[in-house]
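Asks: Below is the file protein.tsv, with TSV, C-alpha atoms (C1' of nucleotides).
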chain	number	residue	atom	x	y	z
A	1	MET	CA	0.07	0.75	-15.13
A	2	ALA	CA	0.72	1.59	-11.53
A	3	ARG	CA	-0.45	0.69	-8.12
A	4	SER	CA	-4.19	0.90	-7.86
A	5	PRO	CA	-5.56	3.98	-6.15
A	6	THR	CA	-6.94	2.05	-3.22
A	7	THR	CA	-6.30	4.52	-0.50
A	8	LEU	CA	-9.96	4.73	0.06
A	9	ASP	CA	-10.60	1.25	1.25
A	10	PRO	CA	-10.13	0.02	4.80
A	11	PHE	CA	-7.65	-2.68	3.80
A	12	ASN	CA	-5.23	-0.16	2.45
A	13	ALA	CA	-5.86	2.18	5.34
A	14	ILE	CA	-4.58	-0.30	7.88
A	15	ALA	CA	-1.81	-1.54	5.60
A	16	GLU	CA	0.24	1.39	6.86
A	17	PRO	CA	1.88	0.47	10.18
A	18	LYS	CA	1.67	4.04	11.47
A	19	ARG	CA	-2.04	4.02	10.91
A	20	ARG	CA	-2.34	0.89	12.99
A	21	GLU	CA	-0.38	2.67	15.70
A	22	VAL	CA	-2.88	5.49	15.62
A	23	LEU	CA	-5.72	3.03	16.02
A	24	ASP	CA	-3.91	1.26	18.83
A	25	ALA	CA	-3.47	4.58	20.58
A	26	LEU	CA	-7.14	5.39	20.19
A	27	ALA	CA	-8.10	1.96	21.48
A	28	LYS	CA	-5.81	2.36	24.45
A	29	ALA	CA	-7.34	5.73	25.23
A	30	PHE	CA	-10.77	4.20	24.97
A	31	ALA	CA	-9.79	1.47	27.38
A	32	ALA	CA	-8.51	4.13	29.73
A	33	GLY	CA	-11.91	5.78	29.70
A	34	ASN	CA	-11.44	8.25	26.87
A	35	PRO	CA	-13.51	7.36	23.88
A	36	GLU	CA	-12.30	10.44	22.09
A	37	VAL	CA	-8.82	11.89	21.70
A	38	ALA	CA	-7.80	15.28	20.38
A	39	VAL	CA	-5.17	15.52	17.65
A	40	ASN	CA	-2.73	17.28	19.86
A	41	ASP	CA	-3.02	14.54	22.43
A	42	LEU	CA	-2.23	11.97	19.77
A	43	VAL	CA	0.76	14.07	18.80
A	44	ASN	CA	1.98	13.90	22.37
A	45	ILE	CA	1.29	10.22	22.68
A	46	LEU	CA	2.84	9.17	19.41
A	47	GLN	CA	5.57	11.78	19.34
A	48	TRP	CA	5.17	12.41	15.64
A	49	PRO	CA	5.04	15.72	13.79
A	50	GLN	CA	1.52	17.11	13.94
A	51	PRO	CA	0.96	17.15	10.15
A	52	GLN	CA	1.81	13.47	9.99
A	53	VAL	CA	-0.74	12.66	12.63
A	54	SER	CA	-3.38	14.76	10.92
A	55	LYS	CA	-2.71	13.14	7.58
A	56	HIS	CA	-2.98	9.61	8.87
A	57	LEU	CA	-6.13	10.54	10.72
A	58	ALA	CA	-7.50	11.97	7.48
A	59	VAL	CA	-7.01	8.66	5.69
A	60	LEU	CA	-8.63	6.73	8.51
A	61	ARG	CA	-11.45	9.22	8.50
A	62	GLU	CA	-12.03	8.98	4.75
A	63	VAL	CA	-12.50	5.24	4.91
A	64	GLY	CA	-14.71	5.56	7.95
A	65	ILE	CA	-12.51	3.82	10.47
A	66	VAL	CA	-12.48	6.82	12.76
A	67	ALA	CA	-15.03	9.52	13.47
A	68	VAL	CA	-14.41	13.16	14.27
A	69	ARG	CA	-16.25	15.58	16.41
A	70	HIS	CA	-15.55	19.27	16.72
A	71	ARG	CA	-15.17	20.79	20.11
A	72	GLY	CA	-14.09	24.35	19.76
A	73	ARG	CA	-10.86	24.42	17.86
A	74	GLU	CA	-10.15	20.83	18.73
A	75	ARG	CA	-10.96	17.73	16.72
A	76	LEU	CA	-11.84	14.75	18.83
A	77	TYR	CA	-11.22	11.45	17.12
A	78	SER	CA	-12.74	8.11	18.02
A	79	ILE	CA	-12.71	4.64	16.53
A	80	ASN	CA	-15.62	3.72	14.32
A	81	GLY	CA	-15.37	-0.06	14.15
A	82	GLU	CA	-17.49	-0.53	11.07
A	83	GLY	CA	-14.57	-0.25	8.67
A	84	LEU	CA	-12.54	-2.69	10.70
A	85	LYS	CA	-15.44	-5.07	10.81
A	86	THR	CA	-15.24	-5.28	7.04
A	87	ILE	CA	-11.73	-6.62	7.34
A	88	HIS	CA	-12.54	-8.85	10.25
A	89	ASP	CA	-15.38	-10.39	8.28
A	90	TRP	CA	-13.27	-10.92	5.21
A	91	THR	CA	-10.50	-12.68	7.11
A	92	ALA	CA	-13.12	-14.72	8.93
A	93	MET	CA	-13.89	-16.36	5.60
A	94	PHE	CA	-10.53	-18.05	5.93
A	95	ASP	CA	-10.77	-19.19	9.50
A	96	LYS	CA	-10.93	-22.79	8.38
A	97	PHE	CA	-7.34	-22.37	7.27
A	98	TRP	CA	-5.91	-21.73	10.70
A	99	THR	CA	-8.11	-23.84	12.93
A	100	HIS	CA	-7.61	-27.53	13.53
A	101	LYS	CA	-8.53	-28.21	9.95
A	102	LEU	CA	-5.14	-26.90	9.04
A	103	ASP	CA	-3.70	-30.27	9.91
A	104	ARG	CA	-6.00	-31.87	7.41
A	105	ILE	CA	-4.77	-29.49	4.77
A	106	LYS	CA	-1.21	-30.36	5.47
A	107	LEU	CA	-1.97	-34.05	5.59
A	108	ARG	CA	-3.72	-33.87	2.26
A	109	ALA	CA	-0.94	-31.82	0.77
A	110	GLU	CA	1.61	-34.34	1.92
A	111	ALA	CA	-0.49	-37.17	0.62
A	112	LEU	CA	-0.59	-35.47	-2.72
A	113	ALA	CA	3.11	-34.88	-2.60
A	114	ARG	CA	3.89	-38.48	-1.89
A	115	ALA	CA	1.53	-39.63	-4.59
A	116	ALA	CA	3.10	-37.27	-7.07
A	117	GLU	CA	6.53	-38.49	-6.10
A	118	GLY	CA	5.47	-42.04	-6.79
A	119	GLU	CA	4.00	-41.48	-10.19
A	120	SER	CA	6.34	-39.05	-11.90
A	121	ALA	CA	3.77	-36.34	-12.57
A	122	ALA	CA	0.56	-37.89	-13.69
A	123	SER	CA	-2.15	-35.87	-12.02
A	124	SER	CA	-4.91	-38.36	-12.44
A	125	SER	CA	-5.57	-40.38	-9.33
A	126	ILE	CA	-5.74	-37.58	-6.83
A	127	ALA	CA	-8.34	-35.12	-8.04
A	128	PRO	CA	-6.15	-32.85	-10.14
A	129	HIS	CA	-8.21	-29.74	-10.70
A	130	PRO	CA	-11.69	-30.53	-11.87
A	131	LEU	CA	-12.85	-27.08	-10.98
A	132	LEU	CA	-11.36	-26.06	-14.25
A	133	ALA	CA	-14.43	-26.52	-16.32
A	134	ILE	CA	-13.85	-22.80	-16.31
A	135	ARG	CA	-11.16	-23.27	-18.89
A	136	HIS	CA	-11.01	-20.69	-21.60
A	137	PRO	CA	-10.78	-20.80	-25.39
A	138	SER	CA	-7.44	-18.99	-25.60
A	139	LYS	CA	-5.25	-21.84	-24.46
A	140	GLU	CA	-7.94	-24.44	-24.79
A	141	SER	CA	-6.07	-26.15	-27.63
B	1	MET	CA	10.59	9.82	3.12
B	2	ALA	CA	8.28	7.62	1.17
B	3	ARG	CA	5.91	4.86	1.82
B	4	SER	CA	7.42	2.34	4.14
B	5	PRO	CA	8.74	-0.85	2.61
B	6	THR	CA	6.07	-2.97	4.19
B	7	THR	CA	5.43	-5.31	1.35
B	8	LEU	CA	6.54	-8.08	3.58
B	9	ASP	CA	3.77	-7.94	6.08
B	10	PRO	CA	0.39	-9.60	5.72
B	11	PHE	CA	-1.51	-6.34	6.10
B	12	ASN	CA	0.09	-4.88	3.05
B	13	ALA	CA	-0.20	-8.13	1.17
B	14	ILE	CA	-3.98	-8.13	1.36
B	15	ALA	CA	-4.24	-4.38	0.84
B	16	GLU	CA	-4.01	-5.08	-2.86
B	17	PRO	CA	-7.47	-5.98	-4.22
B	18	LYS	CA	-6.05	-8.34	-6.80
B	19	ARG	CA	-4.30	-10.26	-4.08
B	20	ARG	CA	-7.59	-10.69	-2.28
B	21	GLU	CA	-9.04	-12.00	-5.51
B	22	VAL	CA	-6.29	-14.56	-5.68
B	23	LEU	CA	-7.05	-15.67	-2.15
B	24	ASP	CA	-10.75	-15.80	-2.89
B	25	ALA	CA	-10.04	-18.00	-5.89
B	26	LEU	CA	-7.89	-20.31	-3.80
B	27	ALA	CA	-10.57	-20.49	-1.13
B	28	LYS	CA	-13.20	-21.26	-3.72
B	29	ALA	CA	-11.07	-24.02	-5.15
B	30	PHE	CA	-10.56	-25.40	-1.69
B	31	ALA	CA	-14.29	-25.39	-1.09
B	32	ALA	CA	-14.72	-27.24	-4.37
B	33	GLY	CA	-12.38	-29.95	-3.16
B	34	ASN	CA	-9.06	-28.67	-4.46
B	35	PRO	CA	-6.79	-27.57	-1.66
B	36	GLU	CA	-4.10	-26.74	-4.18
B	37	VAL	CA	-4.22	-24.88	-7.45
B	38	ALA	CA	-1.57	-24.62	-10.14
B	39	VAL	CA	-0.53	-21.22	-11.41
B	40	ASN	CA	-1.84	-21.87	-14.88
B	41	ASP	CA	-5.20	-22.78	-13.45
B	42	LEU	CA	-5.31	-19.50	-11.59
B	43	VAL	CA	-4.43	-17.75	-14.82
B	44	ASN	CA	-7.43	-19.37	-16.44
B	45	ILE	CA	-9.71	-18.63	-13.54
B	46	LEU	CA	-8.69	-15.02	-13.09
B	47	GLN	CA	-8.02	-14.28	-16.73
B	48	TRP	CA	-4.93	-12.24	-15.94
B	49	PRO	CA	-1.55	-12.31	-17.65
B	50	GLN	CA	0.52	-15.11	-16.20
B	51	PRO	CA	3.35	-12.88	-14.90
B	52	GLN	CA	0.85	-10.85	-12.95
B	53	VAL	CA	-0.54	-13.93	-11.31
B	54	SER	CA	2.93	-15.19	-10.49
B	55	LYS	CA	3.97	-11.88	-9.00
B	56	HIS	CA	0.96	-11.57	-6.75
B	57	LEU	CA	1.45	-15.15	-5.67
B	58	ALA	CA	5.05	-14.32	-4.90
B	59	VAL	CA	4.02	-11.54	-2.54
B	60	LEU	CA	1.49	-13.74	-0.80
B	61	ARG	CA	4.12	-16.43	-0.56
B	62	GLU	CA	6.76	-14.12	0.93
B	63	VAL	CA	4.47	-13.11	3.76
B	64	GLY	CA	3.44	-16.69	4.30
B	65	ILE	CA	-0.21	-16.39	3.36
B	66	VAL	CA	0.09	-19.08	0.75
B	67	ALA	CA	2.25	-22.17	0.49
B	68	VAL	CA	3.75	-23.72	-2.63
B	69	ARG	CA	4.49	-27.25	-3.54
B	70	HIS	CA	6.32	-28.41	-6.62
B	71	ARG	CA	4.82	-31.09	-8.78
B	72	GLY	CA	6.86	-31.54	-11.86
B	73	ARG	CA	7.02	-28.26	-13.67
B	74	GLU	CA	3.92	-27.04	-11.90
B	75	ARG	CA	3.64	-25.02	-8.71
B	76	LEU	CA	0.66	-25.87	-6.60
B	77	TYR	CA	-0.46	-23.05	-4.36
B	78	SER	CA	-2.61	-23.34	-1.26
B	79	ILE	CA	-3.77	-20.99	1.45
B	80	ASN	CA	-1.76	-20.89	4.62
B	81	GLY	CA	-4.12	-19.24	7.08
B	82	GLU	CA	-1.51	-18.24	9.62
B	83	GLY	CA	-0.78	-14.91	8.01
B	84	LEU	CA	-4.44	-14.09	7.75
B	85	LYS	CA	-4.93	-15.08	11.36
B	86	THR	CA	-2.54	-12.28	12.27
B	87	ILE	CA	-4.89	-9.79	10.70
B	88	HIS	CA	-7.98	-11.42	12.06
B	89	ASP	CA	-6.54	-11.27	15.55
B	90	TRP	CA	-5.53	-7.65	15.24
B	91	THR	CA	-8.96	-6.56	14.06
B	92	ALA	CA	-10.52	-8.66	16.79
B	93	MET	CA	-8.96	-6.26	19.27
B	94	PHE	CA	-11.48	-3.73	18.04
B	95	ASP	CA	-14.58	-5.88	18.10
B	96	LYS	CA	-15.97	-3.85	20.96
B	97	PHE	CA	-16.25	-1.00	18.49
B	98	TRP	CA	-18.77	-2.67	16.22
B	99	THR	CA	-20.79	-4.71	18.64
B	100	HIS	CA	-23.66	-3.38	20.73
B	101	LYS	CA	-21.22	-1.27	22.69
B	102	LEU	CA	-21.08	0.99	19.72
B	103	ASP	CA	-24.30	2.55	20.85
B	104	ARG	CA	-22.71	3.41	24.14
B	105	ILE	CA	-19.87	5.10	22.32
B	106	LYS	CA	-22.26	7.19	20.35
B	107	LEU	CA	-24.31	8.01	23.39
B	108	ARG	CA	-21.25	9.09	25.25
B	109	ALA	CA	-20.00	11.10	22.32
B	110	GLU	CA	-23.29	12.84	22.05
B	111	ALA	CA	-23.37	13.49	25.75
B	112	LEU	CA	-19.95	15.06	25.47
B	113	ALA	CA	-21.09	17.08	22.51
B	114	ARG	CA	-24.10	18.42	24.28
B	115	ALA	CA	-22.08	19.22	27.34
B	116	ALA	CA	-19.50	21.02	25.25
B	117	GLU	CA	-22.21	22.95	23.50
B	118	GLY	CA	-23.50	24.11	26.84
B	119	GLU	CA	-20.23	25.26	28.27
B	120	SER	CA	-18.45	26.93	25.34
B	121	ALA	CA	-15.32	24.77	25.44
B	122	ALA	CA	-14.38	24.07	29.02
B	123	SER	CA	-13.32	20.46	29.01
B	124	SER	CA	-13.53	19.92	32.70
B	125	SER	CA	-16.67	18.16	33.80
B	126	ILE	CA	-16.62	15.27	31.40
B	127	ALA	CA	-13.25	13.57	31.73
B	128	PRO	CA	-11.25	15.51	29.16
B	129	HIS	CA	-8.19	13.39	28.57
B	130	PRO	CA	-6.59	12.28	31.80
B	131	LEU	CA	-4.62	9.60	29.99
B	132	LEU	CA	-2.25	12.37	29.15
B	133	ALA	CA	0.00	11.96	32.07
B	134	ILE	CA	2.07	10.91	29.10
B	135	ARG	CA	2.55	14.55	28.26
B	136	HIS	CA	5.95	15.53	27.11
B	137	PRO	CA	8.33	18.34	28.01
B	138	SER	CA	8.36	19.89	24.55
B	139	LYS	CA	4.97	21.53	24.65
B	140	GLU	CA	4.53	21.04	28.36
B	141	SER	CA	4.60	24.81	28.89
C	1	DT	C1'	19.41	-33.27	-27.68
C	2	DT	C1'	15.71	-30.43	-29.00
C	3	DG	C1'	11.44	-28.47	-28.44
C	4	DA	C1'	7.17	-27.57	-25.89
C	5	DC	C1'	5.22	-26.35	-21.61
C	6	DA	C1'	4.94	-24.09	-16.74
C	7	DT	C1'	6.45	-20.62	-14.01
C	8	DA	C1'	9.45	-17.01	-12.30
C	9	DT	C1'	12.02	-12.90	-12.94
C	10	DG	C1'	14.17	-8.71	-14.82
C	11	DC	C1'	13.44	-4.33	-16.78
C	12	DC	C1'	10.47	-0.53	-17.87
C	13	DG	C1'	7.33	3.49	-17.30
C	14	DA	C1'	3.50	5.38	-14.69
C	15	DT	C1'	1.64	6.65	-10.39
C	16	DA	C1'	0.25	6.62	-5.59
C	17	DT	C1'	1.76	8.11	-1.45
C	18	DA	C1'	4.73	8.84	2.93
C	19	DG	C1'	7.33	12.28	5.15
C	20	DG	C1'	9.01	17.15	5.62
C	21	DT	C1'	8.24	21.98	5.84
C	22	DA	C1'	5.59	25.96	5.42
C	23	DT	C1'	1.29	27.83	5.54
C	24	DA	C1'	-3.82	28.29	5.46
C	25	DT	C1'	-7.97	27.99	8.27
C	26	DA	C1'	-10.51	28.05	12.19
C	27	DT	C1'	-11.23	29.24	17.09
C	28	DT	C1'	-10.24	31.14	21.52
C	29	DA	C1'	-7.94	34.66	24.39
C	30	DC	C1'	-6.57	39.40	25.27
D	1	DG	C1'	-9.35	44.44	16.56
D	2	DT	C1'	-4.61	41.16	17.36
D	3	DA	C1'	-2.16	37.27	19.09
D	4	DA	C1'	-2.01	32.53	20.22
D	5	DT	C1'	-3.59	27.91	19.83
D	6	DA	C1'	-5.38	23.66	17.24
D	7	DT	C1'	-5.65	21.41	13.14
D	8	DA	C1'	-5.69	20.77	8.19
D	9	DT	C1'	-3.64	21.27	3.76
D	10	DA	C1'	-0.59	22.40	-0.16
D	11	DC	C1'	3.70	21.63	-2.12
D	12	DC	C1'	7.85	19.00	-2.71
D	13	DT	C1'	10.91	14.96	-3.08
D	14	DA	C1'	11.92	10.16	-2.65
D	15	DT	C1'	10.50	5.68	-3.16
D	16	DA	C1'	7.63	1.56	-3.40
D	17	DT	C1'	5.09	-0.95	-6.47
D	18	DC	C1'	1.77	-2.14	-10.18
D	19	DG	C1'	1.23	-3.58	-14.84
D	20	DG	C1'	3.24	-4.92	-19.38
D	21	DC	C1'	6.57	-7.19	-21.90
D	22	DA	C1'	10.47	-10.02	-22.79
D	23	DT	C1'	13.11	-13.55	-21.17
D	24	DA	C1'	15.33	-16.81	-18.00
D	25	DT	C1'	14.80	-21.16	-15.59
D	26	DG	C1'	13.20	-25.57	-14.95
D	27	DT	C1'	10.73	-29.80	-16.44
D	28	DC	C1'	8.64	-32.99	-19.49
D	29	DA	C1'	8.19	-35.11	-24.27
D	30	DA	C1'	10.06	-37.04	-28.53
Would you kindly transcribe this structure into structure tokens?
Replies:
Amino acid sequence: MARSPTTLDPFNAIAEPKRREVLDALAKAFAAGNPEVAVNDLVNILQWPQPQVSKHLAVLREVGIVAVRHRGRERLYSINGEGLKTIHDWTAMFDKFWTHKLDRIKLRAEALARAAEGESAASSSIAPHPLLAIRHPSKES
Amino acid sequence: MARSPTTLDPFNAIAEPKRREVLDALAKAFAAGNPEVAVNDLVNILQWPQPQVSKHLAVLREVGIVAVRHRGRERLYSINGEGLKTIHDWTAMFDKFWTHKLDRIKLRAEALARAAEGESAASSSIAPHPLLAIRHPSKES
DNA sequence: TTGACATATGCCGATATAGGTATATATTAC
DNA sequence: GTAATATATACCTATATCGGCATATGTCAA
């Protein structure tokens, strides 16, 4: 009845553009030789209100994309990779859809289109959707 | 003052678990030899109300993750890769954080921790955060 | 033309959450 | 002790959307 409470998964965590900015900032710091960045430094870098930074960091922390370490009254944040790997791995399952094979997809789609054009709408000759042995009783007719 | 209207970017599109299910179903169909699947078939596969399927497909379509083709009164959906590649590429920027280098991060973090422990909180010896030449006038003091 | 089928869309209510501001909670400094 | 600094959190409001339902739109069949 409303949007699913998915704040706690990595996909949703990086769905927020600001959160990606935070991660970019952390990655940049890492590249510059600082694997860890204090909240206040992020505030200065991003130029956002401190509570906003803390809140976004909290979300990233809860899903395990960043790690925190306490040093005195400071909190040093660093990227944790694992959570992002989840996403990377999931998208990797679709890599066949953007590599050279993509042309084959298009070609096949066009072939299907042309075929369909030719024969009004009979979906017989070109492998319609045989995977639908999964059909269900409801509309089985 | 509320969540950003980011429905139109791929990151947000796949943040919704149901949408990932739709993509998984399309990928499965593709693997089974069907590069395109009609809405009604997805309804049967996923066992969701038809409007829900159509709406999720609409979102995926708007961000370009899926493509549609008309065949008679049917809409044949297929995966479009490009949008997912965007995400894959972005996460790839962080691959150094989950590969073997991760150990080095941890080692360094621990080294910093130990050092900090030893010297109350003086952040001098171990490269505090020199990237902050970015500091701003506001809290510059 | 009329009706059945396939899909999209509009409207609704419920809810998750982003941003803002003030404040609580540490921790260090004096 | 008290003040100052660093960060988190609670509260509020606005809004984006999800799901459910009804219905509009388009296409095929008779």
Asks: For chain A, work out the contacting residues on chain C at 12 Å, counting only C-alpha atoms (C1' of nucleotides), and write them as a ChimeraX atom specification.
Replies: /C:5,12-23,25-28
Asks: Can you tell me how far atom CA of B:Val68 sits from atom CA of B:Pro35, in Å to one decimal?
Replies: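 Atom-to-atom, atom CA of B:Val68 to atom CA of B:Pro35, that is 11.3 Å.
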Asks: In Å, how far is it from atom C1' of D:DA4 to atom C1' of C:DC30?
Replies: 9.7 Å
Asks: Enter the distance from atom CA of B:Ala13 to atom CA of A:Ile79, in Å, rounded to one decimal.
Replies: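 A separation of 23.6 Å between them.
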Asks: Determine the nearest neighbour of chain D from the options A:Ala58, A:Leu84, A:Ile45, A:Leu26, counting only C-alpha atoms (C1' of nucleotides).
Replies: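 Selected residue with least distance to chain D: A:Ala58.
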Asks: As a PDB file, keeping the file's coordinate frame, could you write out stretch 22-35 of chain B once it has been completed with N, CA and C atoms?
Replies:
ATOM      1  N   VAL B  22      -7.041 -13.312  -5.591  1.00  0.00           N
ATOM      2  CA  VAL B  22      -6.290 -14.560  -5.680  1.00  0.00           C
ATOM      3  C   VAL B  22      -6.666 -15.467  -4.512  1.00  0.00           C
ATOM      4  N   LEU B  23      -6.707 -14.873  -3.336  1.00  0.00           N
ATOM      5  CA  LEU B  23      -7.050 -15.670  -2.150  1.00  0.00           C
ATOM      6  C   LEU B  23      -8.479 -16.189  -2.238  1.00  0.00           C
ATOM      7  N   ASP B  24      -9.361 -15.351  -2.741  1.00  0.00           N
ATOM      8  CA  ASP B  24     -10.750 -15.800  -2.890  1.00  0.00           C
ATOM      9  C   ASP B  24     -10.820 -16.991  -3.845  1.00  0.00           C
ATOM     10  N   ALA B  25     -10.043 -16.902  -4.918  1.00  0.00           N
ATOM     11  CA  ALA B  25     -10.040 -18.000  -5.890  1.00  0.00           C
ATOM     12  C   ALA B  25      -9.511 -19.276  -5.251  1.00  0.00           C
ATOM     13  N   LEU B  26      -8.458 -19.135  -4.467  1.00  0.00           N
ATOM     14  CA  LEU B  26      -7.890 -20.310  -3.800  1.00  0.00           C
ATOM     15  C   LEU B  26      -8.890 -20.898  -2.809  1.00  0.00           C
ATOM     16  N   ALA B  27      -9.579 -20.015  -2.111  1.00  0.00           N
ATOM     17  CA  ALA B  27     -10.570 -20.490  -1.130  1.00  0.00           C
ATOM     18  C   ALA B  27     -11.715 -21.199  -1.830  1.00  0.00           C
ATOM     19  N   LYS B  28     -12.106 -20.653  -2.960  1.00  0.00           N
ATOM     20  CA  LYS B  28     -13.200 -21.260  -3.720  1.00  0.00           C
ATOM     21  C   LYS B  28     -12.795 -22.651  -4.205  1.00  0.00           C
ATOM     22  N   ALA B  29     -11.571 -22.728  -4.688  1.00  0.00           N
ATOM     23  CA  ALA B  29     -11.070 -24.020  -5.150  1.00  0.00           C
ATOM     24  C   ALA B  29     -11.043 -25.019  -4.007  1.00  0.00           C
ATOM     25  N   PHE B  30     -10.601 -24.537  -2.876  1.00  0.00           N
ATOM     26  CA  PHE B  30     -10.560 -25.400  -1.690  1.00  0.00           C
ATOM     27  C   PHE B  30     -11.947 -25.919  -1.365  1.00  0.00           C
ATOM     28  N   ALA B  31     -12.907 -25.014  -1.398  1.00  0.00           N
ATOM     29  CA  ALA B  31     -14.290 -25.390  -1.090  1.00  0.00           C
ATOM     30  C   ALA B  31     -14.803 -26.409  -2.103  1.00  0.00           C
ATOM     31  N   ALA B  32     -14.277 -26.321  -3.321  1.00  0.00           N
ATOM     32  CA  ALA B  32     -14.720 -27.240  -4.370  1.00  0.00           C
ATOM     33  C   ALA B  32     -13.963 -28.561  -4.307  1.00  0.00           C
ATOM     34  N   GLY B  33     -13.094 -28.691  -3.307  1.00  0.00           N
ATOM     35  CA  GLY B  33     -12.380 -29.950  -3.160  1.00  0.00           C
ATOM     36  C   GLY B  33     -10.934 -29.935  -3.594  1.00  0.00           C
ATOM     37  N   ASN B  34     -10.462 -28.779  -4.052  1.00  0.00           N
ATOM     38  CA  ASN B  34      -9.060 -28.670  -4.460  1.00  0.00           C
ATOM     39  C   ASN B  34      -8.269 -27.779  -3.524  1.00  0.00           C
ATOM     40  N   PRO B  35      -7.563 -28.366  -2.607  1.00  0.00           N
ATOM     41  CA  PRO B  35      -6.790 -27.570  -1.660  1.00  0.00           C
ATOM     42  C   PRO B  35      -5.613 -26.881  -2.320  1.00  0.00           C
TER      43      PRO B  35
END
